[in-house]
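Participant: To be precise about what I am sending: the file is called final.txt and holds compact mmCIF, C-alpha atoms.
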```
# COMPACT_ATOMS: atom_id res chain seq x y z
CA GLU I 3 38.90 -59.20 111.37
CA PHE I 4 37.38 -62.10 113.24
CA ARG I 5 39.36 -63.51 116.18
CA GLY I 6 39.05 -66.75 118.10
CA VAL I 7 37.39 -68.66 115.28
CA PRO I 8 37.50 -72.46 115.47
CA PHE I 9 39.58 -74.60 113.14
CA GLY I 10 38.08 -75.42 109.73
CA MET I 11 36.47 -73.72 106.76
CA HIS I 12 34.34 -70.62 107.24
CA SER I 13 31.98 -68.55 105.11
CA VAL I 14 32.41 -64.79 105.03
CA GLU I 15 29.87 -62.53 103.34
CA ALA I 16 29.83 -58.78 102.70
CA ASP I 17 26.48 -57.16 103.29
CA PHE I 18 26.77 -53.64 101.86
CA HIS I 19 23.94 -51.11 101.57
CA SER I 20 23.82 -47.83 99.65
CA SER I 21 21.29 -45.51 98.06
CA ARG I 22 23.48 -45.53 94.95
CA ALA I 23 23.34 -48.37 92.42
CA PHE I 24 26.31 -50.72 92.90
CA TYR I 25 27.53 -54.23 92.21
CA TYR I 26 30.12 -56.58 93.68
CA THR I 27 33.34 -56.97 91.71
CA SER I 28 34.21 -60.13 93.66
CA SER I 29 32.25 -63.14 94.83
CA SER I 30 30.24 -62.95 98.04
CA PRO I 31 30.07 -64.99 100.21
CA LYS I 32 33.55 -66.52 100.21
CA SER I 33 34.63 -69.83 101.72
CA LEU I 34 38.12 -69.92 103.31
CA PRO I 35 40.10 -71.50 106.19
CA ILE I 36 41.32 -69.82 109.38
CA GLY I 37 44.15 -67.35 108.95
CA ALA I 38 43.04 -66.41 105.43
CA THR I 39 42.04 -63.02 104.06
CA ALA I 40 38.81 -62.33 102.19
CA ASP I 41 38.78 -59.15 100.11
CA PHE I 42 35.53 -57.85 98.63
CA GLY I 43 35.19 -55.35 95.83
CA ILE I 44 32.28 -52.97 95.23
CA SER I 45 31.79 -50.66 92.26
CA PHE I 46 29.16 -47.99 91.95
CA ALA I 47 27.31 -48.54 88.70
CA LYS I 48 27.41 -46.00 85.92
CA GLY I 49 25.12 -45.56 82.97
CA ARG I 50 25.17 -47.18 79.56
CA ILE I 51 23.83 -46.34 76.14
CA PHE I 52 22.90 -48.98 73.58
CA GLY I 53 22.27 -47.96 69.98
CA SER I 54 22.16 -48.98 66.36
CA PHE I 55 22.61 -47.33 62.98
CA ARG I 56 20.81 -49.09 60.12
CA SER I 57 19.58 -48.52 56.60
CA ASP I 58 15.89 -48.49 55.67
CA ALA I 59 16.35 -52.14 54.67
CA GLY I 60 17.66 -53.05 58.14
CA GLU I 61 21.33 -53.40 57.16
CA GLY I 62 23.83 -52.35 59.84
CA LEU I 63 26.09 -49.44 58.82
CA GLN I 64 29.53 -48.55 60.18
CA VAL I 65 29.40 -44.89 61.19
CA ARG I 66 31.30 -42.63 63.58
CA LEU I 67 29.19 -40.98 66.28
CA THR I 68 29.84 -38.13 68.72
CA ILE I 69 28.35 -38.62 72.21
CA THR I 70 28.03 -35.48 74.34
CA GLY I 71 26.56 -35.12 77.83
CA PRO I 72 27.46 -34.13 81.41
CA GLY I 73 31.24 -33.90 81.28
CA ILE I 74 31.39 -36.31 78.34
CA ASP I 75 32.51 -35.65 74.75
CA ARG I 76 33.38 -38.95 73.13
CA ASN I 77 33.64 -40.38 69.61
CA VAL I 78 32.61 -44.00 69.04
CA ASN I 79 32.22 -46.26 66.01
CA THR I 80 29.40 -48.68 65.29
CA ASP I 81 30.45 -52.24 64.56
CA GLY I 82 29.84 -54.26 61.39
CA ASP I 83 26.23 -54.85 62.45
CA GLY I 84 25.66 -51.14 63.03
CA LYS I 85 25.55 -51.58 66.83
CA VAL I 86 27.38 -49.71 69.58
CA GLU I 87 27.55 -49.74 73.39
CA ILE I 88 28.90 -46.86 75.47
CA ASP I 89 29.75 -47.61 79.13
CA GLY I 90 30.83 -45.67 82.20
CA LEU I 91 28.49 -42.71 81.80
CA PRO I 92 27.28 -40.49 84.65
CA SER I 93 23.54 -39.91 84.91
CA GLY I 94 22.17 -37.25 82.58
CA THR I 95 20.87 -36.52 79.10
CA TYR I 96 23.08 -37.31 76.12
CA THR I 97 23.07 -36.20 72.50
CA ILE I 98 24.15 -38.61 69.77
CA HIS I 99 25.40 -36.88 66.61
CA PRO I 100 26.32 -38.94 63.49
CA LEU I 101 29.28 -37.57 61.53
CA ALA I 102 28.06 -37.18 57.94
CA GLY I 103 31.53 -37.68 56.45
CA THR I 104 31.71 -41.22 57.86
CA LEU I 105 28.42 -42.37 56.35
CA PRO I 106 28.90 -44.89 53.50
CA PRO I 107 28.22 -43.46 50.01
CA GLY I 108 24.72 -43.72 48.60
CA TYR I 109 22.74 -42.78 51.69
CA SER I 110 20.62 -39.70 52.23
CA LEU I 111 22.50 -37.04 54.20
CA SER I 112 19.31 -34.98 54.50
CA ALA I 113 17.87 -37.73 56.72
CA LEU I 114 20.64 -37.35 59.32
CA HIS I 115 19.63 -35.82 62.65
CA ASN I 116 20.65 -35.86 66.29
CA GLU I 117 19.02 -38.08 68.89
CA THR I 118 18.89 -37.62 72.65
CA THR I 119 18.49 -40.16 75.43
CA ALA I 120 18.37 -40.07 79.23
CA VAL I 121 20.76 -42.25 81.25
CA THR I 122 20.85 -43.30 84.90
CA ALA I 123 22.83 -45.96 86.72
CA ARG I 124 19.68 -48.09 86.84
CA GLN I 125 18.26 -47.28 83.40
CA ALA I 126 20.28 -47.50 80.18
CA GLY I 127 19.72 -45.09 77.31
CA HIS I 128 18.84 -46.19 73.78
CA PHE I 129 18.92 -44.74 70.28
CA ASN I 130 18.19 -46.09 66.81
CA PHE I 131 19.07 -44.38 63.54
CA ARG I 132 17.39 -45.53 60.32
CA ILE I 133 18.73 -43.89 57.15
CA PRO I 134 17.23 -44.44 53.68
CA ALA I 135 19.47 -45.59 50.87
CA GLN I 136 19.36 -43.64 47.62
CA ARG I 137 17.55 -45.73 45.02
CA SER I 138 16.14 -44.56 41.71
CA ILE I 139 14.85 -45.78 38.36
CA SER I 140 15.16 -43.72 35.19
CA GLY I 141 14.93 -44.17 31.46
CA ARG I 142 13.16 -43.00 28.32
CA VAL I 143 9.89 -43.74 26.58
CA LEU I 144 10.25 -44.20 22.83
CA LEU I 145 7.61 -44.37 20.11
CA LEU I 146 8.24 -46.96 17.39
CA ASN I 147 6.85 -46.36 13.92
CA PRO I 148 6.14 -49.85 12.51
CA ARG I 149 6.33 -48.65 8.90
CA THR I 150 9.75 -47.03 9.15
CA GLY I 151 11.16 -49.06 12.06
CA ARG I 152 12.40 -45.86 13.65
CA SER I 153 11.92 -44.82 17.27
CA THR I 154 11.54 -41.27 18.49
CA PRO I 155 11.26 -39.86 22.02
CA LEU I 156 7.70 -39.73 23.29
CA GLY I 157 7.14 -36.58 25.30
CA ASP I 158 4.32 -35.99 27.79
CA ALA I 159 3.69 -39.73 28.13
CA VAL I 160 2.30 -40.89 31.48
CA VAL I 161 4.63 -43.34 33.25
CA ASP I 162 3.27 -45.27 36.24
CA LEU I 163 5.29 -46.86 39.03
CA GLU I 164 3.70 -49.98 40.51
CA PRO I 165 3.48 -50.57 43.40
CA GLY I 166 3.76 -47.10 44.84
CA HIS I 167 0.90 -45.26 43.14
CA ARG I 168 3.30 -42.77 41.59
CA SER I 169 2.99 -41.28 38.10
CA MET I 170 4.84 -38.72 36.07
CA HIS I 171 4.96 -37.27 32.55
CA THR I 172 8.01 -37.67 30.37
CA ASP I 173 9.85 -34.54 29.26
CA SER I 174 10.28 -33.48 25.64
CA ASP I 175 13.08 -36.01 25.25
CA GLY I 176 10.93 -38.86 26.61
CA ARG I 177 12.80 -39.08 29.90
CA TYR I 178 11.37 -40.05 33.29
CA LEU I 179 12.85 -40.45 36.79
CA PHE I 180 11.55 -42.00 40.02
CA ARG I 181 13.64 -41.31 43.16
CA HIS I 182 13.55 -42.10 46.89
CA LEU I 183 12.46 -45.70 46.37
CA PRO I 184 12.46 -48.53 48.92
CA PRO I 185 13.94 -51.95 48.09
CA GLY I 186 11.68 -54.32 46.18
CA THR I 187 10.33 -55.24 42.76
CA PHE I 188 8.75 -52.50 40.66
CA HIS I 189 6.95 -52.29 37.34
CA ILE I 190 7.34 -49.29 35.07
CA VAL I 191 4.16 -49.06 33.00
CA VAL I 192 3.29 -46.91 29.97
CA ARG I 193 -0.24 -47.06 28.55
CA ARG I 194 -1.19 -45.89 25.05
CA ASP I 195 -4.12 -46.61 22.74
CA GLY I 196 -5.59 -49.10 25.20
CA ARG I 197 -2.38 -51.12 25.48
CA ALA I 198 0.23 -51.30 28.26
CA TRP I 199 4.01 -51.74 28.01
CA THR I 200 5.85 -52.81 31.17
CA GLN I 201 9.42 -53.11 32.41
CA GLN I 202 10.20 -54.94 35.66
CA VAL I 203 12.99 -53.64 37.90
CA LEU I 204 14.39 -55.17 41.11
CA LEU I 205 16.06 -52.83 43.62
CA GLY I 206 18.19 -54.38 46.35
CA ASP I 207 18.82 -53.38 49.95
CA SER I 208 21.91 -51.30 49.14
CA PRO I 209 21.94 -47.95 47.32
CA GLU I 210 21.17 -48.44 43.64
CA VAL I 211 20.72 -46.16 40.65
CA ARG I 212 19.02 -47.97 37.76
CA SER I 213 19.26 -45.93 34.59
CA GLY I 214 18.52 -46.82 31.00
CA VAL I 215 15.24 -48.57 31.79
CA ASN I 216 13.73 -47.68 28.42
CA ILE I 217 10.27 -48.58 27.22
CA THR I 218 9.37 -48.67 23.52
CA VAL I 219 5.69 -48.36 22.67
CA MET I 220 4.15 -49.12 19.29
CA ASP I 221 2.61 -46.38 17.20
CA MET I 222 -0.72 -48.03 16.37
CA ILE I 223 -1.09 -47.11 12.70
CA HIS I 224 -3.64 -48.67 10.34
CA PRO I 225 -2.02 -50.67 7.50
CA ALA I 226 -3.36 -48.17 4.98
CA GLY I 227 -1.63 -45.39 6.88
CA THR I 228 -4.62 -44.18 8.90
CA PRO I 229 -4.26 -44.17 12.70
CA ILE I 230 -6.60 -46.61 14.43
CA SER I 231 -8.33 -43.77 16.20
CA GLN I 232 -9.44 -42.48 12.76
CA LYS I 233 -10.76 -45.76 11.37
CA LYS I 234 -14.28 -45.63 9.94
CA GLY I 235 -16.90 -46.78 12.45
CA PRO I 236 -19.74 -49.27 11.86
CA PRO I 237 -22.47 -48.25 9.37
CA ARG I 238 -25.34 -46.18 10.70
CA ALA I 239 -28.87 -47.46 10.89
CA ASP I 240 -29.82 -45.49 7.66
CA GLY I 241 -27.14 -47.42 5.72
CA HIS I 242 -24.64 -44.52 5.39
```
The structure in this file should be written as structure tokens.
Facilitator:
Amino acid sequence: EFRGVPFGMHSVEADFHSSRAFYYTSSSPKSLPIGATADFGISFAKGRIFGSFRSDAGEGLQVRLTITGPGIDRNVNTDGDGKVEIDGLPSGTYTIHPLAGTLPPGYSLSALHNETTAVTARQAGHFNFRIPAQRSISGRVLLLNPRTGRSTPLGDAVVDLEPGHRSMHTDSDGRYLFRHLPPGTFHIVVRRDGRAWTQQVLLGDSPEVRSGVNITVMDMIHPAGTPISQKKGPPRADGH
């Protein structure tokens, strides 16, 4: 209280000091006439945690998280962009645990793990989850006989995935499978008798299982019925 102040407008300012982090909850200074009351509010700051939960393609995912720390056990949800902010936390170390049952279908549960972050009133904590979507390409390699027009499974054929530098052999039924793929454009390539057969596949950002990507290769048979690999070579120098 200030007494004996002259008539007119006056400026009143709160000048508070503390070793703890704080902020004013009201304006300071304040301008007011004689006879008025100026109330000031002060709040001691608490910690915050900022985080995100995204796919390997950068898409935000809505997931429920459990936040545990000093005297805190709280469940929070990420928003539509996969972001979350937790306020009012005392200083300490916090563990962020994603609840597997709330993860959208098609994402790898084996990639889930806990994260920890330290929080103070002056320094916010941060976490970032990045979970791969389940993407795969599968199909069969078939061998076409040009004389009969029939196709049969081609076992033990080498199938290449480009890009990615991955290869595999088909099983006895001509089947192949590539899993744990990132988003992007891929080429499935089968080479035989010096020729290459290719199928192009585009995988999007979301989980995607592409099956039935079949490749039919030609059985290179000589018109007379002799495989090309058995065709007679050029004459020898002695004429035979």
Participant: What's around Pro106 of chain I at 12 Å? Count all atoms listed in the file, leave out sequence neighbours fewer than 6 positions away in its own chain, and write the answer as a list in words.
Facilitator: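 So the residues in contact are Phe55, Arg56, Ser57, Glu61, Gly62, Leu63, Gln64, Val65, Arg66, Gly84, Pro100, Ile133, Pro134, Ala135, Gln136, Ser208 and Pro209 of chain I.
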Participant: Can you list, as a PyMOL selection string, every protein, DNA or RNA residue that comes within 8 Å of Asn77 of chain I when you count all atoms listed in the file, leaving out same-chain residues fewer than 6 positions away?
Facilitator: chain I and resi 66-69
Participant: What separation in Å, quoted to one decimal, exists between atom CA of Ser174 of chain I and atom CA of Ala198 of chain I?
Facilitator: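 Interatomic distance here is 20.6 Å.
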Participant: What is the atom CA of Asn116 of chain I to atom CA of Phe129 of chain I distance in Å?
Facilitator: 9.9 Å
Participant: If you take all atoms listed in the file and a cut-off of 12 Å, which residues of segment 42-128 of chain I touch segment 30-37 of chain I, and what are their nearest atom pairs and distances in Å to one decimal, in chain and number order, as a tab-separated table?
Facilitator:
```
residue	atom	partner	partner_atom	distance
I:Phe42	CA	I:Ser30	CA	7.4
I:Gly43	CA	I:Ser30	CA	9.3
I:Ile44	CA	I:Ser30	CA	10.6
```
Participant: Would you kindly return, as a list in words, each protein, DNA or RNA residue with an atom no farther than 8 Å from any atom of Glu87 of chain I, considering all atoms listed in the file and excluding same-chain residues fewer than 2 positions away?
Facilitator: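 So, after excluding close chain neighbours, the residues are Arg50, Ile51, Phe52, Gly53, Lys85 and Asp89 of chain I.
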Participant: Skip segment 157-166 of chain I itself and residues of its chain fewer than 3 positions away, then list as an MDAnalysis selection string all residues within 9 Å of it, counting only C-alpha atoms.
Facilitator: chainID I and resid 143:144 169:178 180 183 187:194
Participant: Work out how far apart atom CA of Arg197 of chain I and atom CA of Asn216 of chain I are and give it in Å to one decimal.
Facilitator: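 Rounded to one decimal, the two atoms are 16.7 Å apart.
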Participant: When you count only C-alpha atoms, which of these residues is closest to Val78 of chain I: I:Ser54, I:Ser21, I:Thr95, I:Gln201?
Facilitator: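 Closest to Val78 of chain I, using only C-alpha atoms: I:Ser54.
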Participant: Which residue gives the smallest distance to Gly127 of chain I among I:Ser112, I:Asn147, I:Thr97, I:Thr154, with only C-alpha atoms counted?
Facilitator: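 For Gly127 of chain I, the nearest of the candidates is I:Thr97.
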Participant: Show me, as a PyMOL selection string, the residues that have an atom within 8 Å of Ala102 of chain I when counting all atoms listed in the file, minus same-chain residues fewer than 2 positions from it.
Facilitator: chain I and resi 100+104-105+111+114
Participant: My structure is short of atoms at segment 12-23 of chain I; please model all heavy atoms there, returning them as a CSV table (one decimal), in the frame of the given file.
Facilitator:
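selection19.csv was written with the following content:
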```csv
chain,number,residue,atom,x,y,z
I,12,HIS,N,35.4,-71.6,106.8
I,12,HIS,CA,34.3,-70.6,107.2
I,12,HIS,C,33.8,-69.8,106.0
I,12,HIS,O,34.5,-69.7,105.0
I,12,HIS,CB,34.9,-69.6,108.3
I,12,HIS,CG,35.4,-70.3,109.5
I,12,HIS,ND1,34.6,-70.5,110.6
I,12,HIS,CD2,36.6,-70.9,109.8
I,12,HIS,CE1,35.3,-71.2,111.6
I,12,HIS,NE2,36.5,-71.4,111.1
I,13,SER,N,32.6,-69.3,106.2
I,13,SER,CA,32.0,-68.6,105.1
I,13,SER,C,31.9,-67.1,105.6
I,13,SER,O,31.4,-66.8,106.7
I,13,SER,CB,30.6,-69.1,104.8
I,13,SER,OG,30.0,-68.3,103.8
I,14,VAL,N,32.4,-66.2,104.7
I,14,VAL,CA,32.4,-64.8,105.0
I,14,VAL,C,31.6,-64.1,103.9
I,14,VAL,O,31.9,-64.3,102.7
I,14,VAL,CB,33.8,-64.2,105.1
I,14,VAL,CG1,33.8,-62.7,105.5
I,14,VAL,CG2,34.7,-65.0,106.1
I,15,GLU,N,30.7,-63.2,104.3
I,15,GLU,CA,29.9,-62.5,103.3
I,15,GLU,C,29.9,-61.0,103.6
I,15,GLU,O,29.7,-60.6,104.8
I,15,GLU,CB,28.4,-63.1,103.4
I,15,GLU,CG,27.5,-62.4,102.4
I,15,GLU,CD,26.1,-63.0,102.4
I,15,GLU,OE1,25.9,-64.0,103.2
I,15,GLU,OE2,25.2,-62.6,101.6
I,16,ALA,N,30.0,-60.2,102.6
I,16,ALA,CA,29.8,-58.8,102.7
I,16,ALA,C,28.4,-58.4,102.5
I,16,ALA,O,27.7,-58.8,101.5
I,16,ALA,CB,30.7,-58.1,101.7
I,17,ASP,N,27.9,-57.6,103.4
I,17,ASP,CA,26.5,-57.2,103.3
I,17,ASP,C,26.5,-55.6,103.2
I,17,ASP,O,26.4,-55.0,104.3
I,17,ASP,CB,25.7,-57.7,104.5
I,17,ASP,CG,24.2,-57.4,104.4
I,17,ASP,OD1,23.8,-57.0,103.3
I,17,ASP,OD2,23.5,-57.4,105.4
I,18,PHE,N,26.6,-55.1,102.0
I,18,PHE,CA,26.8,-53.6,101.9
I,18,PHE,C,25.4,-53.0,101.4
I,18,PHE,O,24.7,-53.6,100.7
I,18,PHE,CB,27.8,-53.4,100.8
I,18,PHE,CG,28.1,-51.9,100.5
I,18,PHE,CD1,28.8,-51.1,101.4
I,18,PHE,CD2,27.6,-51.3,99.4
I,18,PHE,CE1,29.0,-49.8,101.2
I,18,PHE,CE2,27.8,-50.0,99.1
I,18,PHE,CZ,28.5,-49.2,100.0
I,19,HIS,N,25.2,-51.8,101.9
I,19,HIS,CA,23.9,-51.1,101.6
I,19,HIS,C,24.3,-49.7,101.2
I,19,HIS,O,25.1,-49.0,101.8
I,19,HIS,CB,23.0,-51.1,102.8
I,19,HIS,CG,22.5,-52.4,103.2
I,19,HIS,ND1,21.4,-53.1,102.6
I,19,HIS,CD2,23.0,-53.3,104.2
I,19,HIS,CE1,21.3,-54.2,103.2
I,19,HIS,NE2,22.2,-54.4,104.2
I,20,SER,N,23.6,-49.2,100.1
I,20,SER,CA,23.8,-47.8,99.6
I,20,SER,C,22.6,-47.4,98.9
I,20,SER,O,21.9,-48.2,98.2
I,20,SER,CB,25.1,-47.8,98.8
I,20,SER,OG,25.2,-46.5,98.2
I,21,SER,N,22.4,-46.1,98.9
I,21,SER,CA,21.3,-45.5,98.1
I,21,SER,C,21.7,-45.4,96.6
I,21,SER,O,20.9,-45.3,95.7
I,21,SER,CB,20.9,-44.1,98.6
I,21,SER,OG,22.0,-43.2,98.5
I,22,ARG,N,23.0,-45.6,96.3
I,22,ARG,CA,23.5,-45.5,95.0
I,22,ARG,C,23.5,-47.0,94.4
I,22,ARG,O,23.7,-47.9,95.1
I,22,ARG,CB,24.9,-44.9,94.9
I,22,ARG,CG,25.0,-43.5,95.4
I,22,ARG,CD,26.4,-43.1,95.5
I,22,ARG,NE,27.2,-43.2,94.3
I,22,ARG,CZ,28.5,-43.1,94.2
I,22,ARG,NH1,29.2,-42.8,95.2
I,22,ARG,NH2,29.1,-43.2,93.0
I,23,ALA,N,23.3,-47.0,93.1
I,23,ALA,CA,23.3,-48.4,92.4
I,23,ALA,C,24.8,-48.9,92.4
I,23,ALA,O,25.7,-48.1,92.2
I,23,ALA,CB,22.8,-48.3,91.0
```
